[in-house]
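What follows is the content of data.cif (mmCIF, C-alpha atoms).
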data_final
loop_
_atom_site.label_atom_id
_atom_site.label_comp_id
_atom_site.auth_asym_id
_atom_site.auth_seq_id
_atom_site.Cartn_x
_atom_site.Cartn_y
_atom_site.Cartn_z
CA GLU A 201 5.78 -1.32 17.53
CA ASP A 202 4.71 -3.18 14.41
CA LYS A 203 7.46 -3.37 11.82
CA VAL A 204 8.05 -4.85 8.37
CA VAL A 205 11.57 -4.87 6.92
CA GLN A 206 12.46 -5.68 3.34
CA SER A 207 15.84 -6.60 1.90
CA PRO A 208 17.64 -5.78 -0.17
CA LEU A 209 16.46 -2.20 -0.61
CA SER A 210 17.81 -2.17 -4.13
CA LEU A 211 18.81 -4.90 -6.56
CA VAL A 212 20.16 -4.77 -10.12
CA VAL A 213 20.34 -7.96 -12.18
CA HIS A 214 20.47 -9.05 -15.81
CA GLU A 215 17.53 -10.29 -17.79
CA GLY A 216 17.09 -14.01 -17.29
CA ASP A 217 18.45 -14.07 -13.75
CA THR A 218 16.44 -15.39 -10.81
CA VAL A 219 15.90 -13.06 -7.85
CA THR A 220 14.72 -13.54 -4.28
CA LEU A 221 13.26 -10.65 -2.33
CA ASN A 222 12.95 -10.86 1.44
CA CYS A 223 10.38 -9.57 3.88
CA SER A 224 10.57 -10.01 7.64
CA TYR A 225 7.88 -8.84 10.01
CA GLU A 226 7.11 -8.14 13.63
CA VAL A 227 3.37 -7.53 13.66
CA THR A 228 1.17 -8.02 16.69
CA ASN A 229 -1.83 -10.24 16.02
CA PHE A 230 -0.52 -11.02 12.55
CA ARG A 231 -3.10 -12.31 10.11
CA SER A 232 -1.67 -12.24 6.59
CA LEU A 233 1.11 -10.88 4.45
CA LEU A 234 0.62 -9.14 1.12
CA TRP A 235 2.97 -8.54 -1.79
CA TYR A 236 2.50 -5.67 -4.23
CA LYS A 237 4.30 -4.52 -7.38
CA GLN A 238 4.64 -0.78 -7.96
CA GLU A 239 5.77 0.47 -11.32
CA LYS A 240 5.47 4.14 -12.15
CA LYS A 241 2.20 4.62 -10.34
CA ALA A 242 -0.12 2.79 -7.96
CA PRO A 243 0.77 -0.57 -6.36
CA THR A 244 -0.89 -3.63 -7.85
CA PHE A 245 -1.69 -6.74 -5.84
CA LEU A 246 0.43 -9.86 -6.33
CA PHE A 247 -0.15 -12.32 -3.49
CA MET A 248 -1.76 -12.77 -0.12
CA LEU A 249 -0.19 -15.34 2.21
CA THR A 250 -1.92 -16.53 5.34
CA SER A 251 -0.74 -20.08 5.93
CA SER A 252 2.84 -21.07 6.56
CA GLY A 253 4.67 -23.21 4.02
CA ILE A 254 2.12 -23.01 1.20
CA GLU A 255 3.61 -21.56 -1.95
CA LYS A 256 1.57 -19.19 -4.04
CA LYS A 257 2.47 -19.03 -7.72
CA SER A 258 1.62 -16.80 -10.64
CA GLY A 259 3.61 -17.38 -13.78
CA ARG A 260 7.27 -16.69 -13.02
CA LEU A 261 6.48 -15.25 -9.59
CA SER A 262 6.11 -17.30 -6.44
CA SER A 263 5.96 -16.54 -2.75
CA ILE A 264 5.95 -18.38 0.53
CA LEU A 265 5.41 -17.48 4.18
CA ASP A 266 7.20 -18.82 7.26
CA LYS A 267 5.17 -17.90 10.33
CA LYS A 268 7.64 -19.49 12.72
CA GLU A 269 10.59 -17.41 11.53
CA LEU A 270 8.36 -14.43 10.66
CA PHE A 271 9.40 -13.87 7.07
CA SER A 272 8.31 -14.24 3.50
CA ILE A 273 10.16 -14.42 0.21
CA LEU A 274 9.15 -13.45 -3.29
CA ASN A 275 10.92 -15.28 -6.10
CA ILE A 276 11.01 -14.18 -9.70
CA THR A 277 12.54 -16.59 -12.22
CA ALA A 278 13.73 -15.80 -15.76
CA THR A 279 13.44 -12.08 -15.06
CA GLN A 280 12.39 -9.68 -17.82
CA THR A 281 12.83 -5.92 -18.12
CA GLY A 282 9.10 -5.57 -17.39
CA ASP A 283 9.74 -6.94 -13.90
CA SER A 284 11.59 -3.74 -13.04
CA ALA A 285 9.56 -2.14 -10.25
CA ILE A 286 9.40 -1.53 -6.52
CA TYR A 287 8.14 -4.60 -4.69
CA LEU A 288 6.29 -3.96 -1.44
CA CYS A 289 5.26 -6.33 1.29
CA ALA A 290 2.76 -5.55 4.04
CA GLY A 291 1.53 -7.26 7.19
CA ILE A 292 -2.15 -7.23 8.09
CA ILE A 293 -3.20 -7.00 11.72
CA GLN A 294 -5.85 -9.48 12.83
CA GLY A 295 -9.28 -8.01 13.43
CA ALA A 296 -8.53 -4.77 11.64
CA GLN A 297 -7.62 -3.64 8.21
CA LYS A 298 -4.51 -1.95 9.44
CA LEU A 299 -1.63 -2.60 7.07
CA VAL A 300 2.04 -2.13 7.88
CA PHE A 301 4.24 -1.83 4.80
CA GLY A 302 7.95 -2.42 4.41
CA GLN A 303 10.21 0.14 2.73
CA GLY A 304 10.10 -1.68 -0.58
CA THR A 305 12.77 -3.30 -2.77
CA ARG A 306 13.64 -1.47 -5.97
CA LEU A 307 14.37 -4.13 -8.59
CA THR A 308 16.06 -3.17 -11.85
CA ILE A 309 16.40 -5.69 -14.67
CA ASN A 310 18.99 -4.77 -17.28
CA PRO A 311 18.72 -6.21 -20.80
CA GLU B 169 -14.61 0.66 -15.50
CA ALA B 170 -13.92 -0.33 -11.90
CA GLN B 171 -11.57 2.21 -10.40
CA VAL B 172 -10.43 4.40 -7.55
CA THR B 173 -10.09 8.05 -8.51
CA GLN B 174 -8.25 10.80 -6.68
CA ASN B 175 -8.26 14.53 -7.21
CA PRO B 176 -6.20 16.51 -7.65
CA ARG B 177 -3.35 14.43 -9.04
CA TYR B 178 -0.81 17.17 -8.37
CA LEU B 179 -1.01 20.04 -5.92
CA ILE B 180 1.42 22.71 -4.81
CA THR B 181 0.25 24.77 -1.86
CA VAL B 182 1.56 26.91 0.97
CA THR B 183 1.85 26.25 4.68
CA GLY B 184 -1.40 26.66 6.55
CA LYS B 185 -3.80 26.74 3.61
CA LYS B 186 -6.48 24.10 4.18
CA LEU B 187 -6.88 21.53 1.44
CA THR B 188 -8.90 18.43 0.64
CA VAL B 189 -7.87 15.51 -1.53
CA THR B 190 -10.88 13.59 -2.75
CA CYS B 191 -11.07 9.84 -3.21
CA SER B 192 -13.93 7.99 -4.84
CA GLN B 193 -14.48 4.34 -5.74
CA ASN B 194 -17.18 2.83 -7.94
CA MET B 195 -16.86 -0.80 -6.78
CA ASN B 196 -19.18 -0.62 -3.76
CA HIS B 197 -16.22 -1.45 -1.53
CA GLU B 198 -16.73 -1.19 2.21
CA TYR B 199 -13.13 -0.56 3.16
CA MET B 200 -11.15 2.54 2.18
CA SER B 201 -7.78 3.77 3.30
CA TRP B 202 -5.27 6.59 2.85
CA TYR B 203 -1.49 6.12 2.64
CA ARG B 204 1.45 8.38 2.18
CA GLN B 205 4.61 7.24 0.44
CA ASP B 206 7.99 8.79 1.16
CA PRO B 207 11.41 7.72 -0.15
CA GLY B 208 12.97 5.04 2.03
CA LEU B 209 9.87 4.71 4.21
CA GLY B 210 7.51 2.77 1.99
CA LEU B 211 3.76 3.23 2.34
CA ARG B 212 2.44 4.37 5.70
CA GLN B 213 -1.22 4.19 6.58
CA ILE B 214 -2.82 7.47 7.62
CA TYR B 215 -6.47 6.57 8.24
CA TYR B 216 -8.80 3.80 7.22
CA SER B 217 -12.53 3.23 7.19
CA MET B 218 -14.34 -0.07 7.52
CA ASN B 219 -17.67 1.41 6.42
CA VAL B 220 -19.78 4.58 6.40
CA GLU B 221 -19.21 6.65 9.55
CA VAL B 222 -16.54 4.18 10.78
CA THR B 223 -12.99 5.47 10.64
CA ASP B 224 -9.82 4.67 12.54
CA LYS B 225 -6.25 5.90 12.77
CA GLY B 226 -3.41 4.26 10.95
CA ASP B 227 0.25 4.78 11.80
CA VAL B 228 0.65 8.46 10.89
CA PRO B 229 -2.69 10.25 11.48
CA GLU B 230 -1.29 13.50 12.94
CA GLY B 231 -2.17 16.54 10.86
CA TYR B 232 -4.88 14.75 8.85
CA LYS B 233 -8.63 14.32 9.09
CA VAL B 234 -10.99 12.07 7.18
CA SER B 235 -14.71 11.54 6.87
CA ARG B 236 -16.86 8.76 5.43
CA LYS B 237 -20.35 10.11 4.92
CA GLU B 238 -21.00 8.01 1.81
CA LYS B 239 -19.72 4.57 0.92
CA ARG B 240 -18.02 5.68 -2.29
CA ASN B 241 -16.14 8.74 -0.99
CA PHE B 242 -13.32 9.09 1.52
CA PRO B 243 -11.78 12.58 1.45
CA LEU B 244 -8.49 13.41 3.14
CA ILE B 245 -8.37 16.82 4.79
CA LEU B 246 -5.28 18.75 5.77
CA GLU B 247 -6.51 21.59 7.98
CA SER B 248 -3.16 23.36 8.21
CA PRO B 249 -0.63 21.72 5.89
CA SER B 250 3.05 21.87 6.73
CA PRO B 251 6.14 21.11 4.61
CA ASN B 252 6.60 17.71 6.29
CA GLN B 253 3.32 16.65 4.68
CA THR B 254 4.90 16.95 1.25
CA SER B 255 4.47 13.44 -0.06
CA LEU B 256 2.81 11.09 -2.53
CA TYR B 257 -0.65 10.11 -1.28
CA PHE B 258 -2.60 7.00 -2.26
CA CYS B 259 -6.19 6.11 -1.60
CA ALA B 260 -7.18 2.43 -1.67
CA SER B 261 -10.38 0.41 -1.37
CA SER B 262 -11.35 -3.21 -0.93
CA GLY B 263 -13.98 -5.55 0.48
CA GLY B 264 -17.50 -6.25 -0.64
CA GLN B 265 -19.45 -8.85 -2.51
CA GLY B 266 -16.94 -11.44 -3.68
CA VAL B 267 -13.95 -9.16 -3.12
CA SER B 268 -11.35 -9.92 -0.52
CA TYR B 269 -10.62 -7.20 1.99
CA ASN B 270 -6.97 -7.86 1.42
CA GLU B 271 -6.70 -7.13 -2.29
CA GLN B 272 -6.67 -3.39 -2.06
CA PHE B 273 -7.21 -1.41 -5.24
CA PHE B 274 -5.13 1.75 -5.29
CA GLY B 275 -5.91 5.10 -6.84
CA PRO B 276 -3.39 6.80 -9.14
CA GLY B 277 -1.84 8.91 -6.39
CA THR B 278 -1.75 12.61 -5.51
CA ARG B 279 1.60 14.33 -5.38
CA LEU B 280 1.39 17.11 -2.80
CA THR B 281 4.02 19.78 -2.25
CA VAL B 282 3.68 22.15 0.70
CA LEU B 283 5.94 25.20 0.53
#

Any chance you could put this one into structure tokens?
Amino acid sequence: EDKVVQSPLSLVVHEGDTVTLNCSYEVTNFRSLLWYKQEKKAPTFLFMLTSSGIEKKSGRLSSILDKKELFSILNITATQTGDSAIYLCAGIIQGAQKLVFGQGTRLTINP
Amino acid sequence: EAQVTQNPRYLITVTGKKLTVTCSQNMNHEYMSWYRQDPGLGLRQIYYSMNVEVTDKGDVPEGYKVSRKEKRNFPLILESPSPNQTSLYFCASSGGQGVSYNEQFFGPGTRLTVL
């Protein structure tokens, strides 16, 4: 059975801290991994990772995929209160648009 | 404005009363999908559609039906809703000219309560 597991499920830090969110996957015919940010409503796309070891970066956010160890991390540096959200990762199955999501990590940034 | 719309946004209904949640996108996307989101379980895919008249089951299709008669619309039908279908539902679309199939655009969500 295809499975994506995120950790931690919940994280509370202070503004300015750096956080690392984890996503491990067991997905048959894995193609890519996606990261989304969900605030009060619909998820918004952050990154797509297909190749191992190549970091994707957007401002203070960065992510990398390890296809040998079957995991990805999402780093956020110099966190701000606006980073408070649920962060979701999802594996895409090759040849289909079937997505398998993890449970999400609820990140809270305190001022 | 490019968007995915869902209606209704909130719905309270009773067990067994058929309902339809509509989803429409104005981006000419080929791919559309339905998810449900429950606490502690993340997003789970119900059905998806690669194009008109092409649909396939996701991970939790039981109790749901879909149709894709037009490219822009992808309604979700609950023929006989039950309380375990109480959830937050999202429609998403992606894929088309210059748009990656992977960057899915999500609708605002429909919160459904089945009593």

Proximity check range 174-278 of chain B to range 219-235 of chain A, 10 Å, nearest pairs one decimal Å, only C-alpha atoms, as JSON lines:
{"residue": "B:Asn270", "atom": "CA", "partner": "A:Leu234", "partner_atom": "CA", "distance": 7.7}
{"residue": "B:Glu271", "atom": "CA", "partner": "A:Leu234", "partner_atom": "CA", "distance": 8.3}
{"residue": "B:Gln272", "atom": "CA", "partner": "A:Leu234", "partner_atom": "CA", "distance": 9.8}

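What chain A places within 7 Å of chain B, counting only C-alpha atoms, is Lys241, Ala242, Pro243, Phe245, Lys298, Leu299, Val300, Phe301, Gly302, Gln303 and Gly304 of chain A.
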
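With distances restricted to all atoms listed in the file, A:Leu307 is the closest residue to Ser284 in chain A from A:Val205, A:Leu246, A:Leu270, A:Leu307.
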
Exercise. Hey, what's within 12 Å of Ser258 in chain A if we count only C-alpha atoms and toss same-chain stuff fewer than 3 positions away? As a PyMOL selection string, please?
Worked result: chain A and resi 245-248+255+261-263+274-277

Problem set entry | Separation of CA of Asn175 in chain B from CA of Ile286 in chain A, in Å and rounded to one decimal |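 Atom-to-atom, CA of Asn175 in chain B to CA of Ile286 in chain A, that is 23.9 Å.
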
Problem set entry | Picked residues, the PyMOL selection byres ((chain A and resi 265) around 6), expected as a PyMOL selection string | chain A and resi 252-253+264+266+272

For this session: Excluding Leu256 in chain B and any residue of its chain fewer than 4 positions from it, enumerate the residues within 6 Å of it, using all atoms listed in the file, and give them as a list in words.
Result: Arg204, Gln205, Thr278 and Arg279 of chain B

Problem set entry | CA of Arg236 in chain B to CA of Asn196 in chain B, straight-line distance in Å |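 Distance between the two atoms: 13.3 Å.
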
Exercise. What does the distance between CA of Tyr178 in chain B and CA of Val222 in chain B come to in Å, to one decimal place?
Worked result: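 Value for the CA of Tyr178 in chain B-CA of Val222 in chain B distance: 28.0 Å.
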
For this session: I need the residue set behind the PyMOL selection byres ((chain B and resi 181-189) around 10) for this file; please write it as a PyMOL selection string.
Result: chain B and resi 174-180+190-191+232-234+242-254+257+259+278+280-283

For this session: List the residues matched by the PyMOL selection byres ((chain A and resi 217) around 12) in the displayed structure as a ChimeraX atom specification, ordered by chain and then by residue number.
Result: /A:211-216,218-220,260,275-281,283,307-311

With C-alpha atoms kept, could you save the residues just selected as a PDB file, in the frame of the given file?
ATOM      1  CA  LEU A 211      18.810  -4.900  -6.560  1.00  0.00           C
ATOM      2  CA  VAL A 212      20.160  -4.770 -10.120  1.00  0.00           C
ATOM      3  CA  VAL A 213      20.340  -7.960 -12.180  1.00  0.00           C
ATOM      4  CA  HIS A 214      20.470  -9.050 -15.810  1.00  0.00           C
ATOM      5  CA  GLU A 215      17.530 -10.290 -17.790  1.00  0.00           C
ATOM      6  CA  GLY A 216      17.090 -14.010 -17.290  1.00  0.00           C
ATOM      7  CA  THR A 218      16.440 -15.390 -10.810  1.00  0.00           C
ATOM      8  CA  VAL A 219      15.900 -13.060  -7.850  1.00  0.00           C
ATOM      9  CA  THR A 220      14.720 -13.540  -4.280  1.00  0.00           C
ATOM     10  CA  ARG A 260       7.270 -16.690 -13.020  1.00  0.00           C
ATOM     11  CA  ASN A 275      10.920 -15.280  -6.100  1.00  0.00           C
ATOM     12  CA  ILE A 276      11.010 -14.180  -9.700  1.00  0.00           C
ATOM     13  CA  THR A 277      12.540 -16.590 -12.220  1.00  0.00           C
ATOM     14  CA  ALA A 278      13.730 -15.800 -15.760  1.00  0.00           C
ATOM     15  CA  THR A 279      13.440 -12.080 -15.060  1.00  0.00           C
ATOM     16  CA  GLN A 280      12.390  -9.680 -17.820  1.00  0.00           C
ATOM     17  CA  THR A 281      12.830  -5.920 -18.120  1.00  0.00           C
ATOM     18  CA  ASP A 283       9.740  -6.940 -13.900  1.00  0.00           C
ATOM     19  CA  LEU A 307      14.370  -4.130  -8.590  1.00  0.00           C
ATOM     20  CA  THR A 308      16.060  -3.170 -11.850  1.00  0.00           C
ATOM     21  CA  ILE A 309      16.400  -5.690 -14.670  1.00  0.00           C
ATOM     22  CA  ASN A 310      18.990  -4.770 -17.280  1.00  0.00           C
ATOM     23  CA  PRO A 311      18.720  -6.210 -20.800  1.00  0.00           C
TER      24      PRO A 311
END

Exercise. Looking at all atoms listed in the file, which of A:Lys203, A:Arg306, A:Lys267, A:Ser210 is the one that sits closest to Ser251 in chain A?
Worked result: A:Lys267
